[in-house]
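Trainee: Right, I'll just put the structure down here and ask away after.
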Amino acid sequence: NAGVTQTPKFQVLKTGQSMTLQCAQDMNHEYMSWYRQDPGMGLRLIHYSVGAGITDQGEVPNGYNVSRSTTEDFPLRLLSAAPSQTSVYFCASSPTSTGQEGELFFGEGSRLTVL
Amino acid sequence: SQQGEEDPQALSIQEGENATMNCSYKTSINNLQWYRQNSGRGLVHLILIRSNEREKHSGRLRVTLDTSKKSSSLLITASRAADTASYFCATGKGGGKLIFGQGTELSVKP
């Protein structure tokens with residue numbers, strides 16, 4: 001099993017550009033989520049999904065869209081990139097329905113810079 | 001707003017010493033988890049303690065939970081240089097929102 005795979009690992013965007021961060025897991029996990037990590041802010045929840053076709057907002061959803069058409073994939077879309085979205089993005093999955101009764105499995109992160 | 005807040009923000013100790021990190025949270029929880037993050041890597045799950053548990057052990061790790069004080073502590077005994085990492089607590093109260101604290105940066109010097 002590859003676990004949680006995030007692509008790309010590094011990306012530089014210009015303000016106003018859009019892009020999609022990909023996340024795929026091969027563990028048949030129901031729960032998937034996206035976090036951003038900024039210095040001094042810890043990890044903040046952007047969006048999460050408790051199953052295919054179900055998504056919900058986290059703490060900082062503005063400027064991001066998600067969809068969950070399959071169990072395996074949970075892409076994060078930046079609609080119009082802003083410098084404030086410069087961050088490291090982590091995707092995580094869990095075998096439990098809400099991600100809270102068991103461990104989260106994290107990807108290695110996607111480092112995004114918006115100029 | 002952050003649910004969990006770790007204390008201290010940074011901790012530097014010598015190999016062989018014990019390291020204690022604390023986490024405080026604001027609202028009732030179902031469970032609390034601790035994660036480790038090595039520099040430049042993703043987070044790795046260490047241990048989960050449920051709201052009806054007071055203490056849990058895993059190898060050199062000991063976690064306590066005091067729901068009356070809304071706080072938890074992570075103790076790493078006989079620390080090693082390889083324990084150098086950031087440590088995060090995470091709390092969940094239902095519905096899928098697992099909220100992380102800001103983390104404690106631990107440095108273990110050989």
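Letters for chains follow the order of the structure tokens (A, B, ...), residue numbers begin at 1 for each chain, and ligand numbers begin at 1 in the order shown.
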Near chain A, meaning an atom within 7 Å, which residues of chain B appear when counting only C-alpha atoms? Write them as JSON, numbers by chain.

Mentor: {"B": [41, 42, 43, 44, 45, 92, 95, 96, 97, 98, 99, 100, 101, 102, 103]}

Trainee: Could those residues be written to a file, using C-alpha atoms, as a CSV table (one decimal), in the first residue's frame?

Mentor:
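Resulting contents of again27.csv:
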```csv
chain,number,residue,atom,x,y,z
B,41,ARG,CA,7.4,15.3,6.8
B,42,GLY,CA,3.8,14.5,7.4
B,43,LEU,CA,2.4,13.8,10.9
B,44,VAL,CA,2.5,10.4,12.4
B,45,HIS,CA,0.0,9.1,15.0
B,92,GLY,CA,-12.4,15.6,18.3
B,95,GLY,CA,-18.8,15.2,13.2
B,96,GLY,CA,-15.4,14.9,11.6
B,97,LYS,CA,-13.7,18.0,12.8
B,98,LEU,CA,-10.4,16.9,14.3
B,99,ILE,CA,-8.7,20.1,15.5
B,100,PHE,CA,-4.9,20.3,16.1
B,101,GLY,CA,-3.0,22.5,18.4
B,102,GLN,CA,0.0,24.6,17.5
B,103,GLY,CA,2.5,22.1,18.6
```

Trainee: Tell me, as a compact mmCIF listing (two decimals) with all heavy atoms, in the first residue's frame, which residues lie within 10 Å of B:Ile13, counting only C-alpha atoms; anything in the same chain fewer than 5 positions away does not count.

Mentor:
```txt
# COMPACT_ATOMS: atom_id res chain seq x y z
N ASN B 18 13.78 13.16 30.52
CA ASN B 18 12.37 13.04 30.17
C ASN B 18 11.86 14.35 29.60
O ASN B 18 12.30 15.43 29.98
CB ASN B 18 11.54 12.68 31.41
CG ASN B 18 11.88 11.31 31.95
OD1 ASN B 18 12.48 10.48 31.27
ND2 ASN B 18 11.50 11.07 33.21
N ALA B 19 10.91 14.25 28.68
CA ALA B 19 10.30 15.43 28.08
C ALA B 19 8.81 15.41 28.35
O ALA B 19 8.15 14.38 28.12
CB ALA B 19 10.54 15.45 26.58
N SER B 79 14.61 10.17 26.67
CA SER B 79 14.55 10.67 25.30
C SER B 79 15.83 10.39 24.53
O SER B 79 16.93 10.27 25.11
CB SER B 79 14.25 12.17 25.31
OG SER B 79 15.28 12.87 25.96
N ARG B 80 15.66 10.32 23.21
CA ARG B 80 16.77 10.05 22.30
C ARG B 80 16.83 11.16 21.27
O ARG B 80 15.84 11.85 21.03
CB ARG B 80 16.54 8.71 21.59
CG ARG B 80 16.30 7.54 22.52
CD ARG B 80 15.72 6.37 21.77
NE ARG B 80 15.45 5.23 22.67
CZ ARG B 80 14.73 4.17 22.33
NH1 ARG B 80 14.22 4.08 21.11
NH2 ARG B 80 14.53 3.21 23.21
N ALA B 81 17.95 11.31 20.61
CA ALA B 81 18.08 12.34 19.56
C ALA B 81 17.02 12.15 18.49
O ALA B 81 16.51 13.12 17.92
CB ALA B 81 19.49 12.29 18.96
N THR B 84 13.67 14.08 18.43
CA THR B 84 13.60 15.48 17.99
C THR B 84 12.55 15.62 16.91
O THR B 84 12.64 14.99 15.85
CB THR B 84 14.96 15.96 17.47
OG1 THR B 84 15.89 15.98 18.55
CG2 THR B 84 14.87 17.34 16.84
N LEU B 106 10.29 19.90 20.04
CA LEU B 106 11.21 19.25 20.96
C LEU B 106 12.55 19.05 20.30
O LEU B 106 12.64 18.51 19.19
CB LEU B 106 10.65 17.90 21.41
CG LEU B 106 11.57 17.03 22.26
CD1 LEU B 106 11.86 17.70 23.61
CD2 LEU B 106 10.99 15.63 22.47
N SER B 107 13.60 19.46 21.00
CA SER B 107 14.96 19.23 20.53
C SER B 107 15.69 18.40 21.58
O SER B 107 15.78 18.82 22.75
CB SER B 107 15.69 20.56 20.30
OG SER B 107 17.04 20.35 19.98
N VAL B 108 16.20 17.25 21.19
CA VAL B 108 16.93 16.37 22.09
C VAL B 108 18.39 16.36 21.65
O VAL B 108 18.71 15.90 20.55
CB VAL B 108 16.36 14.95 22.09
CG1 VAL B 108 17.13 14.08 23.08
CG2 VAL B 108 14.88 14.96 22.43
N LYS B 109 19.25 16.84 22.51
CA LYS B 109 20.67 16.98 22.14
C LYS B 109 21.46 15.77 22.63
O LYS B 109 21.30 15.35 23.77
CB LYS B 109 21.22 18.27 22.73
CG LYS B 109 20.50 19.50 22.21
CD LYS B 109 21.06 20.79 22.77
CE LYS B 109 20.30 21.97 22.18
NZ LYS B 109 20.75 23.26 22.71
N PRO B 110 22.30 15.23 21.74
CA PRO B 110 23.08 14.04 22.12
C PRO B 110 24.17 14.38 23.13
O PRO B 110 24.54 15.53 23.31
CB PRO B 110 23.70 13.58 20.79
CG PRO B 110 23.51 14.69 19.83
CD PRO B 110 22.49 15.64 20.35
```

Trainee: Can you check which residues of chain B DSSP gives as strand (DSSP E) on the backbone and send them as a PDB file with N, CA, C and O atoms, in the first residue's frame?

Mentor:
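That gives us states-v5.pdb:
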```pdb
ATOM      1  N   GLY B   4      -6.937  22.908  20.706  1.00  0.00           N
ATOM      2  CA  GLY B   4      -5.869  22.485  21.588  1.00  0.00           C
ATOM      3  C   GLY B   4      -4.705  23.457  21.526  1.00  0.00           C
ATOM      4  O   GLY B   4      -4.359  23.975  20.472  1.00  0.00           O
ATOM      5  N   GLU B   5      -4.145  23.718  22.685  1.00  0.00           N
ATOM      6  CA  GLU B   5      -2.970  24.584  22.738  1.00  0.00           C
ATOM      7  C   GLU B   5      -1.883  23.875  23.510  1.00  0.00           C
ATOM      8  O   GLU B   5      -2.099  23.455  24.654  1.00  0.00           O
ATOM      9  N   GLU B   6      -0.716  23.733  22.891  1.00  0.00           N
ATOM     10  CA  GLU B   6       0.385  23.031  23.537  1.00  0.00           C
ATOM     11  C   GLU B   6       1.275  23.990  24.318  1.00  0.00           C
ATOM     12  O   GLU B   6       1.435  25.159  23.964  1.00  0.00           O
ATOM     13  N   ASP B   7       1.888  23.431  25.321  1.00  0.00           N
ATOM     14  CA  ASP B   7       2.804  24.192  26.167  1.00  0.00           C
ATOM     15  C   ASP B   7       3.900  23.245  26.640  1.00  0.00           C
ATOM     16  O   ASP B   7       3.590  22.132  27.068  1.00  0.00           O
ATOM     17  N   ALA B  10       8.405  25.407  22.732  1.00  0.00           N
ATOM     18  CA  ALA B  10       9.676  24.782  22.392  1.00  0.00           C
ATOM     19  C   ALA B  10      10.305  24.228  23.652  1.00  0.00           C
ATOM     20  O   ALA B  10      10.170  24.807  24.744  1.00  0.00           O
ATOM     21  N   LEU B  11      11.004  23.101  23.507  1.00  0.00           N
ATOM     22  CA  LEU B  11      11.618  22.420  24.642  1.00  0.00           C
ATOM     23  C   LEU B  11      12.932  21.821  24.173  1.00  0.00           C
ATOM     24  O   LEU B  11      12.970  21.106  23.157  1.00  0.00           O
ATOM     25  N   SER B  12      14.004  22.101  24.922  1.00  0.00           N
ATOM     26  CA  SER B  12      15.309  21.567  24.580  1.00  0.00           C
ATOM     27  C   SER B  12      15.860  20.794  25.765  1.00  0.00           C
ATOM     28  O   SER B  12      15.948  21.328  26.870  1.00  0.00           O
ATOM     29  N   ILE B  13      16.210  19.530  25.545  1.00  0.00           N
ATOM     30  CA  ILE B  13      16.700  18.687  26.638  1.00  0.00           C
ATOM     31  C   ILE B  13      17.891  17.856  26.158  1.00  0.00           C
ATOM     32  O   ILE B  13      18.182  17.807  24.956  1.00  0.00           O
ATOM     33  N   GLN B  14      18.548  17.196  27.096  1.00  0.00           N
ATOM     34  CA  GLN B  14      19.650  16.302  26.775  1.00  0.00           C
ATOM     35  C   GLN B  14      19.113  14.882  26.605  1.00  0.00           C
ATOM     36  O   GLN B  14      18.089  14.506  27.212  1.00  0.00           O
ATOM     37  N   ALA B  19      10.914  14.246  28.680  1.00  0.00           N
ATOM     38  CA  ALA B  19      10.301  15.430  28.080  1.00  0.00           C
ATOM     39  C   ALA B  19       8.810  15.405  28.354  1.00  0.00           C
ATOM     40  O   ALA B  19       8.154  14.381  28.117  1.00  0.00           O
ATOM     41  N   THR B  20       8.283  16.503  28.851  1.00  0.00           N
ATOM     42  CA  THR B  20       6.845  16.597  29.121  1.00  0.00           C
ATOM     43  C   THR B  20       6.247  17.751  28.333  1.00  0.00           C
ATOM     44  O   THR B  20       6.754  18.876  28.375  1.00  0.00           O
ATOM     45  N   MET B  21       5.182  17.450  27.614  1.00  0.00           N
ATOM     46  CA  MET B  21       4.468  18.451  26.844  1.00  0.00           C
ATOM     47  C   MET B  21       3.014  18.442  27.288  1.00  0.00           C
ATOM     48  O   MET B  21       2.460  17.393  27.592  1.00  0.00           O
ATOM     49  N   ASN B  22       2.418  19.630  27.319  1.00  0.00           N
ATOM     50  CA  ASN B  22       1.051  19.760  27.787  1.00  0.00           C
ATOM     51  C   ASN B  22       0.145  20.291  26.700  1.00  0.00           C
ATOM     52  O   ASN B  22       0.580  21.018  25.799  1.00  0.00           O
ATOM     53  N   CYS B  23      -1.115  19.900  26.795  1.00  0.00           N
ATOM     54  CA  CYS B  23      -2.121  20.337  25.829  1.00  0.00           C
ATOM     55  C   CYS B  23      -3.371  20.736  26.599  1.00  0.00           C
ATOM     56  O   CYS B  23      -3.855  19.968  27.437  1.00  0.00           O
ATOM     57  N   SER B  24      -3.874  21.918  26.323  1.00  0.00           N
ATOM     58  CA  SER B  24      -5.134  22.343  26.929  1.00  0.00           C
ATOM     59  C   SER B  24      -6.164  22.555  25.824  1.00  0.00           C
ATOM     60  O   SER B  24      -5.816  22.928  24.701  1.00  0.00           O
ATOM     61  N   TYR B  25      -7.409  22.306  26.151  1.00  0.00           N
ATOM     62  CA  TYR B  25      -8.464  22.469  25.164  1.00  0.00           C
ATOM     63  C   TYR B  25      -9.653  23.154  25.812  1.00  0.00           C
ATOM     64  O   TYR B  25      -9.711  23.315  27.032  1.00  0.00           O
ATOM     65  N   ASN B  31     -12.275  12.248  22.452  1.00  0.00           N
ATOM     66  CA  ASN B  31     -10.957  11.674  22.682  1.00  0.00           C
ATOM     67  C   ASN B  31      -9.898  12.695  22.334  1.00  0.00           C
ATOM     68  O   ASN B  31     -10.206  13.769  21.791  1.00  0.00           O
ATOM     69  N   LEU B  32      -8.669  12.379  22.656  1.00  0.00           N
ATOM     70  CA  LEU B  32      -7.552  13.255  22.365  1.00  0.00           C
ATOM     71  C   LEU B  32      -6.431  12.406  21.789  1.00  0.00           C
ATOM     72  O   LEU B  32      -6.173  11.295  22.275  1.00  0.00           O
ATOM     73  N   GLN B  33      -5.798  12.922  20.769  1.00  0.00           N
ATOM     74  CA  GLN B  33      -4.721  12.178  20.123  1.00  0.00           C
ATOM     75  C   GLN B  33      -3.439  13.009  20.134  1.00  0.00           C
ATOM     76  O   GLN B  33      -3.491  14.241  20.157  1.00  0.00           O
ATOM     77  N   TRP B  34      -2.317  12.320  20.094  1.00  0.00           N
ATOM     78  CA  TRP B  34      -1.018  12.973  19.959  1.00  0.00           C
ATOM     79  C   TRP B  34      -0.341  12.482  18.684  1.00  0.00           C
ATOM     80  O   TRP B  34      -0.395  11.299  18.360  1.00  0.00           O
ATOM     81  N   TYR B  35       0.305  13.439  17.990  1.00  0.00           N
ATOM     82  CA  TYR B  35       1.001  13.162  16.749  1.00  0.00           C
ATOM     83  C   TYR B  35       2.408  13.725  16.817  1.00  0.00           C
ATOM     84  O   TYR B  35       2.670  14.704  17.526  1.00  0.00           O
ATOM     85  N   ARG B  36       3.310  13.127  16.040  1.00  0.00           N
ATOM     86  CA  ARG B  36       4.679  13.615  15.898  1.00  0.00           C
ATOM     87  C   ARG B  36       4.910  14.000  14.438  1.00  0.00           C
ATOM     88  O   ARG B  36       4.407  13.349  13.520  1.00  0.00           O
ATOM     89  N   GLN B  37       5.691  15.072  14.249  1.00  0.00           N
ATOM     90  CA  GLN B  37       6.050  15.504  12.903  1.00  0.00           C
ATOM     91  C   GLN B  37       7.544  15.772  12.851  1.00  0.00           C
ATOM     92  O   GLN B  37       8.047  16.689  13.492  1.00  0.00           O
ATOM     93  N   LEU B  43       2.548  14.169   9.457  1.00  0.00           N
ATOM     94  CA  LEU B  43       2.364  13.809  10.862  1.00  0.00           C
ATOM     95  C   LEU B  43       2.165  12.309  10.994  1.00  0.00           C
ATOM     96  O   LEU B  43       1.593  11.654  10.119  1.00  0.00           O
ATOM     97  N   VAL B  44       2.634  11.790  12.134  1.00  0.00           N
ATOM     98  CA  VAL B  44       2.500  10.373  12.435  1.00  0.00           C
ATOM     99  C   VAL B  44       1.775  10.225  13.762  1.00  0.00           C
ATOM    100  O   VAL B  44       2.142  10.869  14.756  1.00  0.00           O
ATOM    101  N   HIS B  45       0.767   9.365  13.772  1.00  0.00           N
ATOM    102  CA  HIS B  45      -0.020   9.146  14.981  1.00  0.00           C
ATOM    103  C   HIS B  45       0.804   8.434  16.048  1.00  0.00           C
ATOM    104  O   HIS B  45       1.512   7.460  15.761  1.00  0.00           O
ATOM    105  N   LEU B  46       0.711   8.925  17.294  1.00  0.00           N
ATOM    106  CA  LEU B  46       1.419   8.296  18.405  1.00  0.00           C
ATOM    107  C   LEU B  46       0.474   7.514  19.308  1.00  0.00           C
ATOM    108  O   LEU B  46       0.705   6.340  19.607  1.00  0.00           O
ATOM    109  N   ILE B  47      -0.590   8.166  19.761  1.00  0.00           N
ATOM    110  CA  ILE B  47      -1.436   7.540  20.775  1.00  0.00           C
ATOM    111  C   ILE B  47      -2.779   8.261  20.838  1.00  0.00           C
ATOM    112  O   ILE B  47      -2.861   9.461  20.556  1.00  0.00           O
ATOM    113  N   LEU B  48      -3.814   7.521  21.188  1.00  0.00           N
ATOM    114  CA  LEU B  48      -5.155   8.084  21.371  1.00  0.00           C
ATOM    115  C   LEU B  48      -5.632   7.742  22.771  1.00  0.00           C
ATOM    116  O   LEU B  48      -5.464   6.606  23.226  1.00  0.00           O
ATOM    117  N   ILE B  49      -6.195   8.718  23.468  1.00  0.00           N
ATOM    118  CA  ILE B  49      -6.776   8.478  24.788  1.00  0.00           C
ATOM    119  C   ILE B  49      -8.222   8.932  24.755  1.00  0.00           C
ATOM    120  O   ILE B  49      -8.535  10.026  24.264  1.00  0.00           O
ATOM    121  N   ARG B  50      -9.109   8.083  25.249  1.00  0.00           N
ATOM    122  CA  ARG B  50     -10.528   8.388  25.221  1.00  0.00           C
ATOM    123  C   ARG B  50     -10.912   9.238  26.434  1.00  0.00           C
ATOM    124  O   ARG B  50     -10.214   9.253  27.445  1.00  0.00           O
ATOM    125  N   GLU B  55      -5.150   7.603  31.867  1.00  0.00           N
ATOM    126  CA  GLU B  55      -3.735   7.432  31.553  1.00  0.00           C
ATOM    127  C   GLU B  55      -3.588   6.299  30.547  1.00  0.00           C
ATOM    128  O   GLU B  55      -4.350   5.334  30.570  1.00  0.00           O
ATOM    129  N   LYS B  56      -2.589   6.459  29.677  1.00  0.00           N
ATOM    130  CA  LYS B  56      -2.333   5.424  28.688  1.00  0.00           C
ATOM    131  C   LYS B  56      -0.845   5.374  28.396  1.00  0.00           C
ATOM    132  O   LYS B  56      -0.172   6.421  28.393  1.00  0.00           O
ATOM    133  N   HIS B  57      -0.323   4.174  28.163  1.00  0.00           N
ATOM    134  CA  HIS B  57       1.094   4.001  27.900  1.00  0.00           C
ATOM    135  C   HIS B  57       1.293   3.347  26.544  1.00  0.00           C
ATOM    136  O   HIS B  57       0.490   2.528  26.093  1.00  0.00           O
ATOM    137  N   SER B  58       2.410   3.729  25.901  1.00  0.00           N
ATOM    138  CA  SER B  58       2.827   3.069  24.682  1.00  0.00           C
ATOM    139  C   SER B  58       4.335   3.181  24.582  1.00  0.00           C
ATOM    140  O   SER B  58       4.873   4.244  24.263  1.00  0.00           O
ATOM    141  N   LEU B  61       6.206   6.278  25.838  1.00  0.00           N
ATOM    142  CA  LEU B  61       5.223   7.364  25.907  1.00  0.00           C
ATOM    143  C   LEU B  61       4.210   7.102  27.013  1.00  0.00           C
ATOM    144  O   LEU B  61       3.741   5.987  27.193  1.00  0.00           O
ATOM    145  N   ARG B  62       3.902   8.179  27.755  1.00  0.00           N
ATOM    146  CA  ARG B  62       2.807   8.120  28.720  1.00  0.00           C
ATOM    147  C   ARG B  62       1.941   9.348  28.520  1.00  0.00           C
ATOM    148  O   ARG B  62       2.427  10.470  28.527  1.00  0.00           O
ATOM    149  N   VAL B  63       0.660   9.119  28.318  1.00  0.00           N
ATOM    150  CA  VAL B  63      -0.286  10.205  28.120  1.00  0.00           C
ATOM    151  C   VAL B  63      -1.276  10.202  29.273  1.00  0.00           C
ATOM    152  O   VAL B  63      -1.762   9.153  29.675  1.00  0.00           O
ATOM    153  N   THR B  64      -1.554  11.382  29.796  1.00  0.00           N
ATOM    154  CA  THR B  64      -2.596  11.535  30.801  1.00  0.00           C
ATOM    155  C   THR B  64      -3.657  12.485  30.279  1.00  0.00           C
ATOM    156  O   THR B  64      -3.395  13.330  29.424  1.00  0.00           O
ATOM    157  N   LEU B  65      -4.853  12.323  30.797  1.00  0.00           N
ATOM    158  CA  LEU B  65      -5.971  13.172  30.413  1.00  0.00           C
ATOM    159  C   LEU B  65      -6.754  13.551  31.655  1.00  0.00           C
ATOM    160  O   LEU B  65      -7.141  12.681  32.437  1.00  0.00           O
ATOM    161  N   ASP B  66      -6.955  14.842  31.844  1.00  0.00           N
ATOM    162  CA  ASP B  66      -7.758  15.346  32.956  1.00  0.00           C
ATOM    163  C   ASP B  66      -8.905  16.149  32.353  1.00  0.00           C
ATOM    164  O   ASP B  66      -8.726  17.310  31.985  1.00  0.00           O
ATOM    165  N   SER B  71      -7.236  19.196  30.062  1.00  0.00           N
ATOM    166  CA  SER B  71      -5.825  19.199  29.720  1.00  0.00           C
ATOM    167  C   SER B  71      -5.302  17.774  29.594  1.00  0.00           C
ATOM    168  O   SER B  71      -5.859  16.826  30.159  1.00  0.00           O
ATOM    169  N   SER B  72      -4.217  17.649  28.844  1.00  0.00           N
ATOM    170  CA  SER B  72      -3.545  16.372  28.636  1.00  0.00           C
ATOM    171  C   SER B  72      -2.048  16.629  28.653  1.00  0.00           C
ATOM    172  O   SER B  72      -1.589  17.738  28.354  1.00  0.00           O
ATOM    173  N   SER B  73      -1.290  15.600  29.012  1.00  0.00           N
ATOM    174  CA  SER B  73       0.149  15.720  28.945  1.00  0.00           C
ATOM    175  C   SER B  73       0.730  14.493  28.253  1.00  0.00           C
ATOM    176  O   SER B  73       0.188  13.388  28.350  1.00  0.00           O
ATOM    177  N   LEU B  74       1.821  14.724  27.553  1.00  0.00           N
ATOM    178  CA  LEU B  74       2.571  13.655  26.893  1.00  0.00           C
ATOM    179  C   LEU B  74       3.953  13.626  27.511  1.00  0.00           C
ATOM    180  O   LEU B  74       4.665  14.640  27.491  1.00  0.00           O
ATOM    181  N   LEU B  75       4.323  12.492  28.061  1.00  0.00           N
ATOM    182  CA  LEU B  75       5.640  12.306  28.652  1.00  0.00           C
ATOM    183  C   LEU B  75       6.424  11.329  27.791  1.00  0.00           C
ATOM    184  O   LEU B  75       5.945  10.230  27.501  1.00  0.00           O
ATOM    185  N   ILE B  76       7.615  11.737  27.381  1.00  0.00           N
ATOM    186  CA  ILE B  76       8.535  10.846  26.681  1.00  0.00           C
ATOM    187  C   ILE B  76       9.679  10.557  27.641  1.00  0.00           C
ATOM    188  O   ILE B  76      10.401  11.479  28.051  1.00  0.00           O
ATOM    189  N   ALA B  85      11.542  16.434  17.173  1.00  0.00           N
ATOM    190  CA  ALA B  85      10.397  16.569  16.271  1.00  0.00           C
ATOM    191  C   ALA B  85       9.440  17.594  16.875  1.00  0.00           C
ATOM    192  O   ALA B  85       9.660  18.090  17.985  1.00  0.00           O
ATOM    193  N   SER B  86       8.375  17.885  16.151  1.00  0.00           N
ATOM    194  CA  SER B  86       7.274  18.668  16.711  1.00  0.00           C
ATOM    195  C   SER B  86       6.164  17.705  17.120  1.00  0.00           C
ATOM    196  O   SER B  86       5.905  16.721  16.423  1.00  0.00           O
ATOM    197  N   TYR B  87       5.516  18.017  18.234  1.00  0.00           N
ATOM    198  CA  TYR B  87       4.468  17.152  18.775  1.00  0.00           C
ATOM    199  C   TYR B  87       3.172  17.952  18.874  1.00  0.00           C
ATOM    200  O   TYR B  87       3.159  19.075  19.382  1.00  0.00           O
ATOM    201  N   PHE B  88       2.107  17.344  18.382  1.00  0.00           N
ATOM    202  CA  PHE B  88       0.814  18.014  18.320  1.00  0.00           C
ATOM    203  C   PHE B  88      -0.248  17.194  19.028  1.00  0.00           C
ATOM    204  O   PHE B  88      -0.271  15.969  18.901  1.00  0.00           O
ATOM    205  N   CYS B  89      -1.134  17.885  19.731  1.00  0.00           N
ATOM    206  CA  CYS B  89      -2.331  17.213  20.219  1.00  0.00           C
ATOM    207  C   CYS B  89      -3.487  17.551  19.282  1.00  0.00           C
ATOM    208  O   CYS B  89      -3.475  18.579  18.608  1.00  0.00           O
ATOM    209  N   ALA B  90      -4.458  16.670  19.238  1.00  0.00           N
ATOM    210  CA  ALA B  90      -5.617  16.863  18.375  1.00  0.00           C
ATOM    211  C   ALA B  90      -6.852  16.379  19.120  1.00  0.00           C
ATOM    212  O   ALA B  90      -6.824  15.342  19.785  1.00  0.00           O
ATOM    213  N   THR B  91      -7.916  17.136  19.029  1.00  0.00           N
ATOM    214  CA  THR B  91      -9.141  16.798  19.755  1.00  0.00           C
ATOM    215  C   THR B  91     -10.320  16.692  18.797  1.00  0.00           C
ATOM    216  O   THR B  91     -10.403  17.407  17.801  1.00  0.00           O
ATOM    217  N   GLY B  92     -11.210  15.793  19.130  1.00  0.00           N
ATOM    218  CA  GLY B  92     -12.412  15.622  18.330  1.00  0.00           C
ATOM    219  C   GLY B  92     -13.623  15.519  19.229  1.00  0.00           C
ATOM    220  O   GLY B  92     -13.567  14.914  20.290  1.00  0.00           O
ATOM    221  N   LEU B  98     -11.545  17.214  13.425  1.00  0.00           N
ATOM    222  CA  LEU B  98     -10.436  16.927  14.323  1.00  0.00           C
ATOM    223  C   LEU B  98      -9.515  18.128  14.298  1.00  0.00           C
ATOM    224  O   LEU B  98      -8.958  18.460  13.251  1.00  0.00           O
ATOM    225  N   ILE B  99      -9.375  18.784  15.441  1.00  0.00           N
ATOM    226  CA  ILE B  99      -8.683  20.062  15.512  1.00  0.00           C
ATOM    227  C   ILE B  99      -7.337  19.890  16.199  1.00  0.00           C
ATOM    228  O   ILE B  99      -7.260  19.310  17.292  1.00  0.00           O
ATOM    229  N   PHE B 100      -6.289  20.426  15.559  1.00  0.00           N
ATOM    230  CA  PHE B 100      -4.934  20.322  16.079  1.00  0.00           C
ATOM    231  C   PHE B 100      -4.520  21.586  16.806  1.00  0.00           C
ATOM    232  O   PHE B 100      -4.967  22.690  16.486  1.00  0.00           O
ATOM    233  N   THR B 104       4.384  21.547  20.004  1.00  0.00           N
ATOM    234  CA  THR B 104       5.590  21.768  20.809  1.00  0.00           C
ATOM    235  C   THR B 104       6.769  21.250  20.020  1.00  0.00           C
ATOM    236  O   THR B 104       6.762  20.108  19.553  1.00  0.00           O
ATOM    237  N   GLU B 105       7.781  22.120  19.873  1.00  0.00           N
ATOM    238  CA  GLU B 105       8.980  21.726  19.141  1.00  0.00           C
ATOM    239  C   GLU B 105       9.999  21.179  20.143  1.00  0.00           C
ATOM    240  O   GLU B 105      10.511  21.913  20.987  1.00  0.00           O
ATOM    241  N   LEU B 106      10.291  19.899  20.037  1.00  0.00           N
ATOM    242  CA  LEU B 106      11.211  19.253  20.963  1.00  0.00           C
ATOM    243  C   LEU B 106      12.555  19.046  20.301  1.00  0.00           C
ATOM    244  O   LEU B 106      12.638  18.505  19.191  1.00  0.00           O
ATOM    245  N   SER B 107      13.601  19.457  20.996  1.00  0.00           N
ATOM    246  CA  SER B 107      14.959  19.227  20.528  1.00  0.00           C
ATOM    247  C   SER B 107      15.692  18.405  21.580  1.00  0.00           C
ATOM    248  O   SER B 107      15.778  18.817  22.745  1.00  0.00           O
ATOM    249  N   VAL B 108      16.197  17.248  21.191  1.00  0.00           N
ATOM    250  CA  VAL B 108      16.931  16.373  22.089  1.00  0.00           C
ATOM    251  C   VAL B 108      18.390  16.359  21.645  1.00  0.00           C
ATOM    252  O   VAL B 108      18.706  15.903  20.549  1.00  0.00           O
ATOM    253  N   LYS B 109      19.252  16.843  22.506  1.00  0.00           N
ATOM    254  CA  LYS B 109      20.668  16.979  22.139  1.00  0.00           C
ATOM    255  C   LYS B 109      21.463  15.775  22.627  1.00  0.00           C
ATOM    256  O   LYS B 109      21.303  15.352  23.769  1.00  0.00           O
TER     257      LYS B 109
END
```

Trainee: Could you give me, as a ChimeraX atom specification, the residues within 9 Å of stretch 76-83 of chain A, counting only C-alpha atoms and dropping anything in the same chain fewer than 6 positions from it?

Mentor: /A:13-23,34,47,63-67,113-115

Trainee: Suppose you want the space between atom CA of A:His29 and atom CA of A:Ser94; what is it in Å?

Mentor: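 So the answer is 5.5 Å.
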
Trainee: May I ask for the distance between atom CA of A:Ser87 and atom CA of B:Asn38, given in Å to one decimal place?

Mentor: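 Between these atoms lies a distance of 17.0 Å.
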